[in-house]
>>> print(open('start29.txt').read())   # compact mmCIF, C-alpha atoms
# COMPACT_ATOMS: atom_id res chain seq x y z
CA MET A 1310 -23.26 -2.03 29.15
CA ALA A 1311 -22.79 0.44 31.98
CA THR A 1312 -21.43 -2.32 34.21
CA ALA A 1313 -18.78 -3.01 31.55
CA GLY A 1314 -17.66 0.62 31.69
CA PHE A 1315 -19.60 2.15 28.80
CA THR A 1316 -21.35 5.51 29.00
CA VAL A 1317 -24.99 5.23 27.91
CA LEU A 1318 -26.31 8.08 25.74
CA SER A 1319 -29.93 8.60 24.82
CA GLY A 1320 -32.55 11.30 24.40
CA LEU A 1321 -34.28 11.25 27.82
CA ALA A 1322 -37.62 10.62 26.08
CA ARG A 1323 -40.36 8.34 27.35
CA GLY A 1324 -40.00 4.57 27.06
CA ILE A 1325 -36.72 3.03 25.99
CA ASP A 1326 -34.69 6.22 26.45
CA THR A 1327 -35.85 6.49 30.05
CA ALA A 1328 -35.21 2.78 30.66
CA ALA A 1329 -31.67 3.09 29.26
CA HIS A 1330 -30.80 6.01 31.54
CA LYS A 1331 -32.33 4.34 34.61
CA GLY A 1332 -30.50 1.09 33.86
CA ALA A 1333 -27.16 2.89 33.65
CA LEU A 1334 -27.81 4.70 36.94
CA ALA A 1335 -28.86 1.48 38.68
CA SER A 1336 -25.58 -0.12 37.56
CA GLY A 1337 -23.57 2.74 39.02
CA GLY A 1338 -22.47 3.76 35.54
CA ARG A 1339 -22.41 7.00 33.59
CA THR A 1340 -25.22 8.23 31.36
CA ILE A 1341 -25.80 11.32 29.23
CA GLY A 1342 -29.10 12.71 28.01
CA VAL A 1343 -29.18 14.85 24.85
CA LEU A 1344 -32.34 16.97 24.82
CA GLY A 1345 -34.48 18.08 21.91
CA SER A 1346 -35.47 21.11 23.99
CA GLY A 1347 -33.81 23.74 26.14
CA LEU A 1348 -32.58 22.74 29.59
CA GLY A 1349 -35.25 24.98 31.13
CA LYS A 1350 -38.04 23.20 29.21
CA LEU A 1351 -37.17 19.58 29.87
CA TYR A 1352 -39.32 17.16 27.88
CA PRO A 1353 -41.05 15.11 29.11
CA PRO A 1354 -41.43 17.13 32.34
CA LYS A 1355 -41.91 13.99 34.44
CA ASN A 1356 -38.25 13.09 33.80
CA GLN A 1357 -37.03 16.12 35.76
CA THR A 1358 -36.03 14.01 38.77
CA LEU A 1359 -34.29 11.51 36.49
CA ALA A 1360 -32.39 14.35 34.80
CA GLU A 1361 -31.18 15.62 38.17
CA ARG A 1362 -29.88 12.15 39.06
CA MET A 1363 -28.17 11.88 35.67
CA SER A 1364 -26.36 15.18 36.22
CA GLU A 1365 -24.63 13.52 39.19
CA GLN A 1366 -23.50 10.43 37.19
CA GLY A 1367 -23.00 11.99 33.79
CA ALA A 1368 -24.69 14.97 32.17
CA VAL A 1369 -27.81 16.39 30.57
CA VAL A 1370 -26.99 18.61 27.57
CA SER A 1371 -28.72 20.67 24.90
CA GLU A 1372 -27.60 22.86 22.01
CA PHE A 1373 -30.85 24.87 22.19
CA PRO A 1374 -31.56 28.11 24.12
CA LEU A 1375 -32.52 27.60 27.75
CA LEU A 1376 -36.30 28.00 27.29
CA TYR A 1377 -36.58 26.45 23.81
CA LEU A 1378 -39.72 24.31 23.39
CA PRO A 1379 -39.29 20.96 21.58
CA ASP A 1380 -40.68 20.54 18.07
CA LYS A 1381 -40.49 18.09 15.15
CA GLN A 1382 -37.26 19.61 13.87
CA SER A 1383 -35.40 19.75 17.18
CA PHE A 1384 -35.42 16.03 17.89
CA PRO A 1385 -33.62 14.97 14.67
CA LEU A 1386 -31.07 17.69 15.42
CA SER A 1387 -30.44 16.26 18.90
CA ASN A 1388 -30.29 12.74 17.45
CA ARG A 1389 -27.27 13.68 15.34
CA ILE A 1390 -25.45 14.61 18.56
CA VAL A 1391 -26.34 11.26 20.13
CA SER A 1392 -24.99 9.37 17.11
CA GLY A 1393 -21.95 11.60 16.64
CA TRP A 1394 -20.95 11.38 20.30
CA SER A 1395 -21.30 7.59 20.39
CA SER A 1396 -19.07 4.75 19.30
CA GLY A 1397 -22.16 2.76 18.33
CA ILE A 1398 -25.95 3.05 18.17
CA LEU A 1399 -28.27 0.29 19.37
CA VAL A 1400 -31.83 0.36 18.01
CA ILE A 1401 -34.21 -1.63 20.22
CA GLU A 1402 -37.55 -0.83 18.59
CA ALA A 1403 -38.32 1.20 15.47
CA PRO A 1404 -41.41 1.45 13.28
CA GLN A 1405 -40.81 1.98 9.58
CA ARG A 1406 -40.82 5.76 10.07
CA SER A 1407 -39.21 6.73 13.38
CA GLY A 1408 -36.64 8.95 15.01
CA ALA A 1409 -34.61 5.88 15.94
CA LEU A 1410 -34.05 5.11 12.25
CA ILE A 1411 -33.00 8.72 11.64
CA THR A 1412 -30.40 8.31 14.39
CA ALA A 1413 -29.23 4.99 12.92
CA ASN A 1414 -28.86 6.49 9.45
CA GLN A 1415 -26.93 9.43 10.89
CA ALA A 1416 -24.67 7.00 12.76
CA ALA A 1417 -23.94 5.08 9.56
CA GLU A 1418 -23.09 8.31 7.74
CA GLN A 1419 -20.78 9.29 10.61
CA GLY A 1420 -18.96 5.96 10.45
CA ARG A 1421 -20.36 4.63 13.72
CA ASN A 1422 -21.32 1.01 14.43
CA VAL A 1423 -25.03 0.27 14.12
CA TYR A 1424 -26.70 -2.49 16.13
CA ALA A 1425 -30.30 -3.70 16.22
CA ILE A 1426 -32.42 -6.13 18.21
CA PRO A 1427 -34.59 -8.31 15.94
CA GLY A 1428 -38.32 -8.77 16.46
CA PRO A 1429 -41.36 -10.59 15.03
CA ILE A 1430 -41.87 -9.73 11.36
CA ASP A 1431 -45.58 -8.96 11.93
CA ARG A 1432 -44.91 -6.43 14.71
CA PRO A 1433 -44.85 -2.81 13.47
CA SER A 1434 -42.29 -1.73 16.08
CA SER A 1435 -39.85 -4.37 14.76
CA VAL A 1436 -39.96 -3.40 11.09
CA GLY A 1437 -37.19 -0.81 11.39
CA CYS A 1438 -34.85 -3.08 13.37
CA ASN A 1439 -35.31 -6.02 11.03
CA ARG A 1440 -34.69 -3.77 8.02
CA LEU A 1441 -31.50 -2.40 9.61
CA ILE A 1442 -30.23 -5.95 10.14
CA GLN A 1443 -31.12 -6.80 6.54
CA ASP A 1444 -29.12 -3.76 5.43
CA GLY A 1445 -26.03 -4.74 7.44
CA ALA A 1446 -26.54 -3.68 11.07
CA LYS A 1447 -25.22 -6.20 13.59
CA LEU A 1448 -27.90 -8.40 15.14
CA VAL A 1449 -27.78 -8.13 18.93
CA LEU A 1450 -29.05 -10.77 21.36
CA GLY A 1451 -27.21 -9.50 24.42
CA ALA A 1452 -24.73 -6.92 25.68
CA GLU A 1453 -21.80 -9.22 24.89
CA ASP A 1454 -22.55 -8.87 21.16
CA ILE A 1455 -21.62 -5.19 21.42
CA ILE A 1456 -18.87 -5.49 24.03
CA GLU A 1457 -16.92 -7.94 21.86
CA ASP A 1458 -16.48 -5.18 19.26
CA PHE A 1459 -14.85 -2.81 21.74
CA GLY A 1460 -13.48 -4.89 24.62
CA THR A 1461 -13.46 -3.61 28.17
CA VAL A 1462 -13.64 0.16 28.38
CA GLN A 1463 -10.67 1.67 30.18
CA LEU A 1464 -10.94 5.21 31.49
CA GLU A 1465 -7.98 7.45 30.72
CA LEU A 1466 -7.27 10.16 33.26
CA PRO A 1467 -4.61 12.89 33.05
CA SER A 1468 -1.44 12.02 34.89
CA THR A 1469 0.04 14.41 37.40
CA GLN A 1470 3.48 13.69 35.89
CA GLY A 1471 3.34 15.02 32.36
CA SER A 1472 1.15 14.13 29.41
CA THR A 1473 0.94 10.37 29.95
CA THR A 1474 -2.30 8.76 31.14
CA ARG A 1475 -3.12 6.10 33.65
CA LYS A 1476 -5.78 3.51 32.90
CA LEU A 1477 -8.42 2.48 35.40
CA GLN A 1478 -10.69 -0.56 35.29
CA PRO A 1479 -14.42 -0.02 35.89
CA ASN A 1480 -15.37 -0.18 39.57
CA LEU A 1481 -15.85 -3.74 40.79
CA SER A 1482 -18.57 -4.93 43.12
CA PRO A 1483 -17.58 -6.63 46.41
CA GLU A 1484 -18.39 -10.03 44.86
CA GLU A 1485 -16.24 -9.28 41.82
CA GLN A 1486 -13.34 -8.19 44.03
CA ILE A 1487 -13.54 -11.42 46.04
CA ILE A 1488 -13.45 -13.60 42.93
CA ILE A 1489 -10.71 -11.56 41.21
CA ARG A 1490 -8.51 -12.12 44.26
CA LEU A 1491 -9.12 -15.88 44.00
CA LEU A 1492 -8.28 -15.87 40.28
CA SER A 1493 -5.07 -13.87 40.66
CA ASN A 1494 -2.03 -15.82 39.45
CA THR A 1495 -3.79 -19.18 39.58
CA GLU A 1496 -6.28 -21.44 37.82
CA ILE A 1497 -9.27 -22.48 39.88
CA GLY A 1498 -12.48 -24.44 39.37
CA ILE A 1499 -15.98 -23.06 39.88
CA GLU A 1500 -16.63 -25.38 42.85
CA ASP A 1501 -13.46 -24.17 44.57
CA ILE A 1502 -14.42 -20.54 43.88
CA THR A 1503 -17.81 -21.17 45.50
CA SER A 1504 -16.37 -22.83 48.60
CA GLN A 1505 -13.54 -20.35 49.12
CA SER A 1506 -15.56 -17.20 48.39
CA LYS A 1507 -18.48 -18.21 50.67
CA LEU A 1508 -20.80 -16.91 47.93
CA THR A 1509 -23.85 -18.78 46.69
CA PRO A 1510 -23.47 -20.80 43.45
CA SER A 1511 -25.87 -18.46 41.63
CA SER A 1512 -23.94 -15.40 42.80
CA VAL A 1513 -20.65 -16.97 41.66
CA SER A 1514 -22.12 -17.79 38.25
CA THR A 1515 -23.52 -14.29 37.77
CA THR A 1516 -20.33 -12.60 38.95
CA LEU A 1517 -18.11 -14.73 36.72
CA MET A 1518 -20.27 -13.81 33.73
CA LYS A 1519 -19.85 -10.11 34.55
CA LEU A 1520 -16.07 -10.51 34.88
CA GLU A 1521 -15.88 -12.31 31.54
CA MET A 1522 -17.92 -9.52 29.91
CA LYS A 1523 -15.41 -7.04 31.34
CA ARG A 1524 -12.55 -9.15 29.97
CA LEU A 1525 -11.21 -9.60 33.52
CA ALA A 1526 -11.64 -13.40 33.63
CA LYS A 1527 -11.58 -16.20 31.10
CA GLN A 1528 -12.69 -19.81 31.02
CA LEU A 1529 -10.10 -22.53 30.47
CA PRO A 1530 -10.52 -26.18 29.44
CA GLY A 1531 -11.84 -28.40 32.22
CA LYS A 1532 -14.23 -25.77 33.61
CA THR A 1533 -11.42 -23.86 35.29
CA LEU A 1534 -10.99 -20.11 35.25
CA SER A 1535 -8.17 -17.63 35.50
CA GLU A 1536 -7.67 -13.90 35.61
CA SER A 1537 -7.55 -12.43 32.09
CA LYS A 1538 -4.17 -10.93 31.23
CA SER A 1539 -5.63 -8.81 28.40
CA LYS A 1540 -6.89 -6.14 30.82
>>> encode(input="start29.txt", output="structure tokens")
Amino acid sequence: MATAGFTVLSGLARGIDTAAHKGALASGGRTIGVLGSGLGKLYPPKNQTLAERMSEQGAVVSEFPLLYLPDKQSFPLSNRIVSGWSSGILVIEAPQRSGALITANQAAEQGRNVYAIPGPIDRPSSVGCNRLIQDGAKLVLGAEDIIEDFGTVQLELPSTQGSTTRKLQPNLSPEEQIIIRLLSNTEIGIEDITSQSKLTPSSVSTTLMKLEMKRLAKQLPGKTLSESKSK
């Protein structure tokens, strides 16, 4: 998701929250942590280094006083900020009673999209996700299931010439830049892309998938590709 230009929000808690923030950072994307404690009482403490990294590629925020200790009431309060600040909420695991379900319910009340990853029906941590899907949340098997609802994210920055904005595409990797140049104003087959780019077949396949997810390339009949004009 971060590679496609999305900002990843979560609660900087142990487990999935931590994995989401680290994944966004590893992709060179932006991520925001919304704390259920004060900034001076980061919880869990072992995520202090992660929080410092996040402040360089996003932000760590809290509505609580600086030295406020987390409690059972503060986390649901921070969850409403996560859902309200987001365009959509993805629930990856959720027991029948969990903070993730509170966030999902808040998102639905706020008119946000709700997504869930299904799991085995006999696994307690999957009960909440399966119930959300049963109640109308979108079943997610991969990032593309969410991206297709929003398209490629384009960052709008203030223009130096009045109130208009200029739109920027997400940063492209060197491999993506090579292939985009080959796709510009032409249709080309995967074998030709591989030979002309000097990239390995696996790298070409992976990079093309990323470009399609970003809506920067599209497949044509006959296994040819072209630059997407919808960007």
>>> atom_distance(input="start29.txt", atom1="atom CA of Thr1516 of chain A", atom2="atom CA of Asp1454 of chain A")
18.3 Å
>>> closest_residue(input="start29.txt", among="A:Arg1432, A:Lys1527, A:Lys1507, A:Lys1447", to="Leu1492 of chain A", atoms="all atoms listed in the file")
A:Lys1527
>>> residues_around(input="start29.txt", residues="Arg1323 of chain A", least_positions_apart="4", cutoff="9 Å", atoms="only C-alpha atoms", output="list in words")
Thr1327, Ala1328, Tyr1352, Pro1353 and Asn1356 of chain A
>>> atom_distance(input="start29.txt", atom1="atom CA of Leu1318 of chain A", atom2="atom CA of Ser1395 of chain A")
7.3 Å
>>> residues_around(input="start29.txt", residues="Cys1438 of chain A", least_positions_apart="5", cutoff="12 Å", atoms="all atoms listed in the file", output="ChimeraX atom specification")
/A:1398-1407,1409-1410,1413-1414,1423-1430,1432-1433,1443-1449
>>> residues_around(input="start29.txt", residues="Ser1336 of chain A", least_positions_apart="3", cutoff="10 Å", atoms="only C-alpha atoms", output="number ranges by chain")
A: 1310-1314, 1331-1333, 1339
>>> write_last_selection(input="start29.txt", atoms="C-alpha atoms", output="PDB file, keeping the file's coordinate frame")
ATOM      1  CA  MET A1310     -23.260  -2.030  29.150  1.00  0.00           C
ATOM      2  CA  ALA A1311     -22.790   0.440  31.980  1.00  0.00           C
ATOM      3  CA  THR A1312     -21.430  -2.320  34.210  1.00  0.00           C
ATOM      4  CA  ALA A1313     -18.780  -3.010  31.550  1.00  0.00           C
ATOM      5  CA  GLY A1314     -17.660   0.620  31.690  1.00  0.00           C
ATOM      6  CA  LYS A1331     -32.330   4.340  34.610  1.00  0.00           C
ATOM      7  CA  GLY A1332     -30.500   1.090  33.860  1.00  0.00           C
ATOM      8  CA  ALA A1333     -27.160   2.890  33.650  1.00  0.00           C
ATOM      9  CA  ARG A1339     -22.410   7.000  33.590  1.00  0.00           C
TER      10      ARG A1339
END
>>> atom_distance(input="start29.txt", atom1="atom CA of Ala1452 of chain A", atom2="atom CA of Ala1417 of chain A")
20.1 Å
>>> closest_residue(input="start29.txt", among="A:Pro1510, A:Gly1367, A:Pro1483, A:Gly1320", to="Thr1412 of chain A", atoms="all atoms listed in the file")
A:Gly1320
>>> residues_around(input="start29.txt", residues="Thr1340 of chain A", least_positions_apart="5", cutoff="9 Å", atoms="all atoms listed in the file", output="ChimeraX atom specification")
/A:1311,1315-1319,1329-1331,1333-1334,1363-1364,1366-1369
>>> closest_residue(input="start29.txt", among="A:Gly1337, A:Ser1435, A:Gly1451, A:Arg1389", to="Ser1482 of chain A", atoms="all atoms listed in the file")
A:Gly1337
>>> residues_around(input="start29.txt", residues="Phe1384 of chain A", least_positions_apart="5", cutoff="10 Å", atoms="only C-alpha atoms", output="PDB file with C-alpha atoms, in the coordinates of the input")
ATOM      1  CA  GLY A1320     -32.550  11.300  24.400  1.00  0.00           C
ATOM      2  CA  VAL A1343     -29.180  14.850  24.850  1.00  0.00           C
ATOM      3  CA  LEU A1344     -32.340  16.970  24.820  1.00  0.00           C
ATOM      4  CA  GLY A1345     -34.480  18.080  21.910  1.00  0.00           C
ATOM      5  CA  SER A1346     -35.470  21.110  23.990  1.00  0.00           C
ATOM      6  CA  PRO A1379     -39.290  20.960  21.580  1.00  0.00           C
ATOM      7  CA  ARG A1389     -27.270  13.680  15.340  1.00  0.00           C
ATOM      8  CA  GLY A1408     -36.640   8.950  15.010  1.00  0.00           C
ATOM      9  CA  ILE A1411     -33.000   8.720  11.640  1.00  0.00           C
ATOM     10  CA  THR A1412     -30.400   8.310  14.390  1.00  0.00           C
TER      11      THR A1412
END
>>> closest_residue(input="start29.txt", among="A:Asn1422, A:Ser1387, A:Gln1528, A:Glu1484", to="Ser1511 of chain A", atoms="all atoms listed in the file")
A:Glu1484
>>> closest_residue(input="start29.txt", among="A:Leu1375, A:Ile1499, A:Ala1416, A:Ala1360", to="Ser1392 of chain A", atoms="all atoms listed in the file")
A:Ala1416
>>> axis_aligned_box(input="start29.txt", around="segment 1517-1523 of chain A", padding_each_side="4 Å", output="lines of an AutoDock Vina configuration file")
center_x = -17.8
center_y = -10.9
center_z = 33.3
size_x = 12.9
size_y = 15.7
size_z = 14.8
